[in-house]
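S.K.: Here it is: the structure, laid out below.
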Protein chains: 4
Amino acid sequence: MPRAVREQQMLDAAVQIFGQRGYMAASMDEIAELAGVSKPLVYLYLNSKEGLFTACIRREATALTEAVRAGVRTDLPVDRQLWDGLQAFFAHTAEHPDAWSVLHLQARTHGEPFAAEVAAMRTEIVSFVTRLVAIAAREAHRDPDLAEREVAGFAEALVGAAESLATWANATEGVTARQAASTLMNVTWSGLGSLMRGHHWVPPAGED
Amino acid sequence: MPRAVREQQMLDAAVQIFGQRGYMAASMDEIAELAGVSKPLVYLYLNSKEGLFTACIRREATALTEAVRAGVRTDLPVDRQLWDGLQAFFAHTAEHPDAWSVLHLQARTHGEPFAAEVAAMRTEIVSFVTRLVAIAAREAHRDPDLAEREVAGFAEALVGAAESLATWANATEGVTARQAASTLMNVTWSGLGSLMRGHHWVPPAGED
Amino acid sequence: MPRAVREQQMLDAAVQIFGQRGYMAASMDEIAELAGVSKPLVYLYLNSKEGLFTACIRREATALTEAVRAGVRTDLPVDRQLWDGLQAFFAHTAEHPDAWSVLHLQARTHGEPFAAEVAAMRTEIVSFVTRLVAIAAREAHRDPDLAEREVAGFAEALVGAAESLATWANATEGVTARQAASTLMNVTWSGLGSLMRGHHWVPPAGED
Amino acid sequence: MPRAVREQQMLDAAVQIFGQRGYMAASMDEIAELAGVSKPLVYLYLNSKEGLFTACIRREATALTEAVRAGVRTDLPVDRQLWDGLQAFFAHTAEHPDAWSVLHLQARTHGEPFAAEVAAMRTEIVSFVTRLVAIAAREAHRDPDLAEREVAGFAEALVGAAESLATWANATEGVTARQAASTLMNVTWSGLGSLMRGHHWVPPAGED
DNA sequence: TATGAATGAGGGTTCATTCAT
DNA sequence: AATGAATGAACCCTCATTCAT
């Protein structure tokens, strides 16, 4: 069997085991057995447990960003772009829960070599959202400088909320990607509208 | 030295090690050494690694909810209550990053005995937020039935965003609890206002 | 059983296994079994295979130099001192062949951490011999400067020959320590006498 | 490429790796890669790691004895023969340090199949030296019977010293083959002269 | 109340070796 | 004549856990 095919089989097995057991609790034995190969072959192709894990992260990060990108048509209005992107995101994480566990939980829980890998993906998604929000702000004729700082925090909160919802949707029966996306659009996009109209929430003065 | 005191020392050490190394990578040896006691004593008091970890989760979950509760005065307006609760939440997680890592990352990454433990705390916080949102909805004279379903999703998204921001604030230099809380209030509370005034975002028809 | 005693048992076993199998071929399992303890205990006390091997080298190097030192009385004539030292050396290496294999073969065959350890011992022995030869030279009224360079080469050759003879005597039936020492005294001490009387062997001229 | 050529390339690589890493630490992978062939080909030609190592020993043992033999002209005086033989020996071991490591260190450190192989070579060299010493003894009109026993020990010590000096010269900067040979001639051949003239060193009586 | 001494079990990694082509 | 693909076995090391005191 050609090397490339075997490698994908190994990554399939590894994502499943890493996603379910966690990085440390996963054993190379179990992964090799699930992949239907011997352990030395896994080491021959992926070098080490770290190498295998990194390869998983990279493959799944690419797959997720690819899925979101494929769901969005940049010639549509920005709110529609955000809606489509969220739908694609929630659909992909729901269809690949182990991959999502690897990216969101495992990769961030086990130190630098891995956290950096997934941070790159996150940055890409955050800047996609930032761009959408910035366009919306411009369309609303907001002061660009002021908007820029707000926009960054806004995008960060939106992506964070989306990540939380994805995990929550995976863990909760009967929550569809469409519902998750809908909730998020209502909360954030409507909020964005208010912000654009100048409805800031002003913290009480004289503290901290 | 009395047992209760020793136990707290052990939990202090355990939270630190679990939070920094992760549940699996933490070794009982290291925890015992940091606590300044011998390993058998740890087993005598906490029974097992699982028992120790569970005790950590319980103590820190209680401490976090207690901190939030202490920060809120129920006789103030609801938006002020949410603001105060968020400030307390972000302040506590910033002051106890290891504890937050245990609760948010480790406990959810290592399977059922622990995930359930932290889920209870989360439920408590979500219902606190749900109550606040429900009150706001009632004050805006919204249809209560409709609101209830929306309110649940809203609260879930808000708490999820808060959790993400807490981790992000811990990892990012120069982000204060006040700033994190402010960002979140602007995004969600303003959004809530829009919702209350009926500014729903309506998904495009005929899909999925 | 107290730790110090167990440690010596482990070193006894390790010297035997390392001496017979060689450093790389020796397995920690076999050493632990021969010592009558479990493998983790070996690691608890000696840290690693390298640590165990280093401890063996140190113990046996000390034992060998101690044995030679104990055999020599510095108030006797120098030839008698050399004779006694050689006898002690050959007797010790014959009684502890595994230790000699560890020091002479294994430690020098497996790289720097170990080679340096045994080099220290060798230096000590070489300088002991150098001192004896230098005294003999002085007694023969030789030019000290000239002697010094010759003396170094002489001591090196003598110690090298002794090491070779020790291994050879261990491998050959019926060669006693006394015989080995006698052979070496005849070859080298008589040669030293000739040298002292100016009987150099002069190499043929005109060659590289 | 013809088999004979490939085989020599493999042995070249193997001697280098075995000499530098040691027999056990050398990996067939590394040897095959250095030889520029695939691993199965090494097995096809040399059968096993043991077979490969044995072939190395045999080739290098032959090369070394051949080099010594080529350096000696049997029609010259015996001391000149010894001098020429030593020069050839030290020159060859200096030019082929990996081969010398294989013969002197590795082959003797890893048990019977290999030790026997190199013992044969050593016997050949010892008897060459023995013959030279015996001739010198006869020329000095010594009692032949007495000489024979002495001669054996003498040759053994001389060869042992030469082996030690070869390793020492390889490890020490700036020691030439000529210097090593010169040191050894001075120590032993002068000593032999003394012996021939009856200057025995007599051990102290009444011991051991 | 507290610990020094000890271990069963298992994990990551490597290696000599072979088969099918 | 030569190799890509694959593995059984073994090794170093660590860890959660317990006994005897």
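Following the order of the structure tokens, chains are lettered A, B, ..., residues in each are numbered from 1, and ligands are numbered from 1.
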Just the residues within 8 Å of A:Ala162, please, counting only C-alpha atoms (C1' of nucleotides), with nothing from its chain fewer than 2 positions along; format it as a ChimeraX atom specification.
M.R.: /A:86,158-160,164-166,184 /B:157,161
S.K.: Cα-based RMSD, chain C fitted onto chain B, all atoms paired in sequence order: value?
M.R.: 0.3 Å
S.K.: I want to know what sits within 6 Å of stretch 102-107 of chain B, based on only C-alpha atoms (C1' of nucleotides), with residues of the same chain fewer than 4 positions away left out; could you give that as a list in words?
M.R.: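 My list of contacting residues is Gly19, Phe114 and Ala115 of chain B.
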S.K.: Keeping N, CA and C atoms for every residue in the selection just given, could you write it to a file as an mmCIF file, in the first residue's frame?
M.R.:
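For reference, out-v4.cif as written:
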data_model
loop_
_atom_site.group_PDB
_atom_site.id
_atom_site.type_symbol
_atom_site.label_atom_id
_atom_site.label_comp_id
_atom_site.auth_asym_id
_atom_site.auth_seq_id
_atom_site.Cartn_x
_atom_site.Cartn_y
_atom_site.Cartn_z
ATOM 1 N N GLY B 19 -2.814 22.851 36.927
ATOM 2 C CA GLY B 19 -3.066 23.971 36.031
ATOM 3 C C GLY B 19 -1.935 24.208 35.047
ATOM 4 N N PHE B 114 -14.804 14.275 35.758
ATOM 5 C CA PHE B 114 -14.425 15.663 36.013
ATOM 6 C C PHE B 114 -15.338 16.650 35.282
ATOM 7 N N ALA B 115 -15.679 16.295 34.040
ATOM 8 C CA ALA B 115 -16.517 17.207 33.256
ATOM 9 C C ALA B 115 -17.834 17.483 33.983
#
S.K.: Report the closest atom pair, with its distance in Å rounded to one decimal, for each residue of chain E that has an atom no farther than 8 Å from chain C; count only C-alpha atoms (C1' of nucleotides), sort by chain and then rising residue number, and write it as JSON lines.
M.R.:
{"residue": "E:DA5", "atom": "C1'", "partner": "C:Met1", "partner_atom": "CA", "distance": 7.6}
{"residue": "E:DA6", "atom": "C1'", "partner": "C:Leu41", "partner_atom": "CA", "distance": 6.8}
{"residue": "E:DT7", "atom": "C1'", "partner": "C:Ser38", "partner_atom": "CA", "distance": 6.4}
S.K.: Can I get the selected residues back with C-alpha atoms (C1' of nucleotides), as a tab-separated table (two decimals), in the first residue's frame?
M.R.:
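Result went into out_26.tsv, see below:
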chain	number	residue	atom	x	y	z
E	5	DA	C1'	11.05	1.60	50.82
E	6	DA	C1'	9.28	-0.73	47.08
E	7	DT	C1'	6.69	-2.36	42.71
S.K.: Excluding A:Ile17 and any residue of its chain fewer than 2 positions from it, enumerate the residues within 12 Å of it, using only C-alpha atoms (C1' of nucleotides), and give them as number ranges by chain.
M.R.: A: 10-15, 19-35, 52-53, 56, 97-99, 101-102, 106
S.K.: Residues of chain F within 8 Å of chain A: nearest atom pair and distance (Å, one decimal) for each, counting only C-alpha atoms (C1' of nucleotides), sorted by chain and number, as CSV?
M.R.:
residue,atom,partner,partner_atom,distance
F:DA5,C1',A:Met1,CA,7.7
F:DA6,C1',A:Leu41,CA,6.9
F:DT7,C1',A:Ser38,CA,6.4
S.K.: With N, CA and C atoms (P, O5', C5', C4', C3', O3' and C1' of nucleotides) retained, export the selected residues as a PDB file, in the first residue's frame.
M.R.:
ATOM      1  P    DA F   5       7.108   2.867  -0.153  1.00  0.00           P
ATOM      2  O5'  DA F   5       6.761   1.536   0.672  1.00  0.00           O
ATOM      3  C5'  DA F   5       6.033   0.494   0.026  1.00  0.00           C
ATOM      4  C4'  DA F   5       5.713  -0.613   1.014  1.00  0.00           C
ATOM      5  C3'  DA F   5       5.117  -0.132   2.341  1.00  0.00           C
ATOM      6  O3'  DA F   5       3.991  -0.939   2.640  1.00  0.00           O
ATOM      7  C1'  DA F   5       6.993  -1.515   2.751  1.00  0.00           C
ATOM      8  P    DA F   6       3.149  -0.534   3.909  1.00  0.00           P
ATOM      9  O5'  DA F   6       3.737  -1.496   5.033  1.00  0.00           O
ATOM     10  C5'  DA F   6       3.637  -2.902   4.837  1.00  0.00           C
ATOM     11  C4'  DA F   6       4.424  -3.609   5.906  1.00  0.00           C
ATOM     12  C3'  DA F   6       4.095  -3.190   7.340  1.00  0.00           C
ATOM     13  O3'  DA F   6       3.281  -4.195   7.942  1.00  0.00           O
ATOM     14  C1'  DA F   6       6.430  -3.582   6.998  1.00  0.00           C
ATOM     15  P    DT F   7       2.760  -3.926   9.402  1.00  0.00           P
ATOM     16  O5'  DT F   7       3.764  -4.820  10.257  1.00  0.00           O
ATOM     17  C5'  DT F   7       4.094  -6.120   9.799  1.00  0.00           C
ATOM     18  C4'  DT F   7       5.109  -6.768  10.717  1.00  0.00           C
ATOM     19  C3'  DT F   7       4.813  -6.590  12.217  1.00  0.00           C
ATOM     20  O3'  DT F   7       5.085  -7.830  12.844  1.00  0.00           O
ATOM     21  C1'  DT F   7       6.999  -5.873  11.756  1.00  0.00           C
TER      22       DT F   7
END
S.K.: Using DSSP assignments from the backbone, pull out every residue in chain B that falls under helix (DSSP H, G or I) and give it to me as JSON, numbers by chain.
M.R.: {"B": [3, 4, 5, 6, 7, 8, 9, 10, 11, 12, 13, 14, 15, 16, 17, 18, 19, 20, 21, 28, 29, 30, 31, 32, 33, 34, 35, 39, 40, 41, 42, 43, 44, 45, 46, 49, 50, 51, 52, 53, 54, 55, 56, 57, 58, 59, 60, 61, 62, 63, 64, 65, 66, 67, 68, 69, 70, 71, 78, 79, 80, 81, 82, 83, 84, 85, 86, 87, 88, 89, 90, 91, 92, 93, 94, 95, 97, 98, 99, 100, 101, 102, 103, 104, 105, 106, 107, 108, 109, 112, 113, 114, 115, 116, 117, 118, 119, 120, 121, 122, 123, 124, 125, 126, 127, 128, 129, 130, 131, 132, 133, 134, 135, 136, 137, 138, 139, 144, 145, 146, 147, 148, 149, 150, 151, 152, 153, 154, 155, 156, 157, 158, 159, 160, 161, 162, 163, 164, 165, 166, 167, 168, 169, 170, 171, 177, 178, 179, 180, 181, 182, 183, 184, 185, 186, 187, 188, 189, 190, 191, 192, 193, 194, 195, 196]}
S.K.: I'd like the contact shell of D:Ser190 - 9 Å cut-off, only C-alpha atoms (C1' of nucleotides), skipping same-chain residues fewer than 6 positions apart - returned as a ChimeraX atom specification.
M.R.: /C:187-188,190-195,199-201
S.K.: Tell me, as a VMD selection string, which residues lie within 12 Å of A:Thr123, counting only C-alpha atoms (C1' of nucleotides); anything in the same chain fewer than 3 positions away does not count.
M.R.: chain A and resid 61 65 116 to 120 126 to 130 152 155 to 156 159 to 160
S.K.: For the residues in that selection, give me N, CA and C atoms as an mmCIF file, in the first residue's frame.
M.R.:
data_model
loop_
_atom_site.group_PDB
_atom_site.id
_atom_site.type_symbol
_atom_site.label_atom_id
_atom_site.label_comp_id
_atom_site.auth_asym_id
_atom_site.auth_seq_id
_atom_site.Cartn_x
_atom_site.Cartn_y
_atom_site.Cartn_z
ATOM 1 N N ALA A 61 -6.656 21.680 10.985
ATOM 2 C CA ALA A 61 -6.763 23.143 10.910
ATOM 3 C C ALA A 61 -6.990 23.568 9.468
ATOM 4 N N THR A 65 -10.431 25.570 8.100
ATOM 5 C CA THR A 65 -10.400 26.869 7.409
ATOM 6 C C THR A 65 -10.871 26.710 5.960
ATOM 7 N N ALA A 116 0.989 26.874 19.195
ATOM 8 C CA ALA A 116 1.357 27.787 18.116
ATOM 9 C C ALA A 116 0.707 27.358 16.808
ATOM 10 N N GLU A 117 0.696 26.048 16.607
ATOM 11 C CA GLU A 117 0.130 25.513 15.364
ATOM 12 C C GLU A 117 -1.321 25.944 15.188
ATOM 13 N N VAL A 118 -2.091 25.830 16.263
ATOM 14 C CA VAL A 118 -3.508 26.130 16.163
ATOM 15 C C VAL A 118 -3.760 27.644 16.237
ATOM 16 N N ALA A 119 -2.822 28.362 16.842
ATOM 17 C CA ALA A 119 -2.993 29.812 16.932
ATOM 18 C C ALA A 119 -2.972 30.445 15.544
ATOM 19 N N ALA A 120 -2.169 29.876 14.653
ATOM 20 C CA ALA A 120 -2.107 30.400 13.288
ATOM 21 C C ALA A 120 -3.481 30.322 12.625
ATOM 22 N N VAL A 126 -9.934 34.944 12.812
ATOM 23 C CA VAL A 126 -10.235 36.224 13.442
ATOM 24 C C VAL A 126 -10.107 37.365 12.436
ATOM 25 N N SER A 127 -9.092 37.292 11.583
ATOM 26 C CA SER A 127 -8.941 38.412 10.651
ATOM 27 C C SER A 127 -10.031 38.389 9.580
ATOM 28 N N PHE A 128 -10.510 37.228 9.244
ATOM 29 C CA PHE A 128 -11.660 37.157 8.338
ATOM 30 C C PHE A 128 -12.853 37.884 8.954
ATOM 31 N N VAL A 129 -13.130 37.586 10.205
ATOM 32 C CA VAL A 129 -14.260 38.230 10.872
ATOM 33 C C VAL A 129 -14.001 39.732 11.027
ATOM 34 N N THR A 130 -12.777 40.065 11.387
ATOM 35 C CA THR A 130 -12.447 41.482 11.550
ATOM 36 C C THR A 130 -12.741 42.258 10.277
ATOM 37 N N ALA A 152 -11.587 45.105 16.831
ATOM 38 C CA ALA A 152 -10.733 43.996 17.250
ATOM 39 C C ALA A 152 -11.359 43.238 18.419
ATOM 40 N N ALA A 155 -14.443 41.289 17.243
ATOM 41 C CA ALA A 155 -14.141 40.052 16.509
ATOM 42 C C ALA A 155 -13.656 38.963 17.456
ATOM 43 N N GLU A 156 -12.810 39.358 18.384
ATOM 44 C CA GLU A 156 -12.308 38.379 19.352
ATOM 45 C C GLU A 156 -13.454 37.746 20.132
ATOM 46 N N VAL A 159 -15.548 35.379 17.802
ATOM 47 C CA VAL A 159 -14.905 34.083 17.539
ATOM 48 C C VAL A 159 -14.897 33.227 18.803
ATOM 49 N N GLY A 160 -14.578 33.853 19.940
ATOM 50 C CA GLY A 160 -14.612 33.107 21.189
ATOM 51 C C GLY A 160 -15.976 32.514 21.449
#
S.K.: Find the spatial neighbours of B:Val68, counting only C-alpha atoms (C1' of nucleotides), within a cut-off of 8 Å - ignore same-chain residues fewer than 2 positions away - and output them as an mmCIF file with C-alpha atoms, in the first residue's frame.
M.R.:
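Final output, selection.cif:
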data_model
loop_
_atom_site.group_PDB
_atom_site.id
_atom_site.type_symbol
_atom_site.label_atom_id
_atom_site.label_comp_id
_atom_site.auth_asym_id
_atom_site.auth_seq_id
_atom_site.Cartn_x
_atom_site.Cartn_y
_atom_site.Cartn_z
ATOM 1 C CA LEU B 64 -15.245 31.127 41.533
ATOM 2 C CA THR B 65 -19.007 31.141 41.957
ATOM 3 C CA GLU B 66 -18.552 32.592 45.426
ATOM 4 C CA ALA B 70 -19.951 38.379 46.248
ATOM 5 C CA GLY B 71 -19.437 40.910 43.474
ATOM 6 C CA VAL B 72 -23.137 41.325 42.677
ATOM 7 C CA GLY B 85 -20.622 39.866 37.868
ATOM 8 C CA LEU B 86 -18.437 39.990 34.787
ATOM 9 C CA ALA B 88 -15.754 39.748 39.439
ATOM 10 C CA PHE B 89 -15.456 36.813 37.079
#
S.K.: Of the residues D:Met185, D:Val42, D:Ala136, D:Ala205, which is the one nearest to chain C, using only C-alpha atoms?
M.R.: D:Met185
S.K.: Could you check how far atom C1' of F:DT17 sits from atom CA of C:Leu46, in Å to one decimal?
M.R.: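 Between these atoms lies a distance of 21.3 Å.
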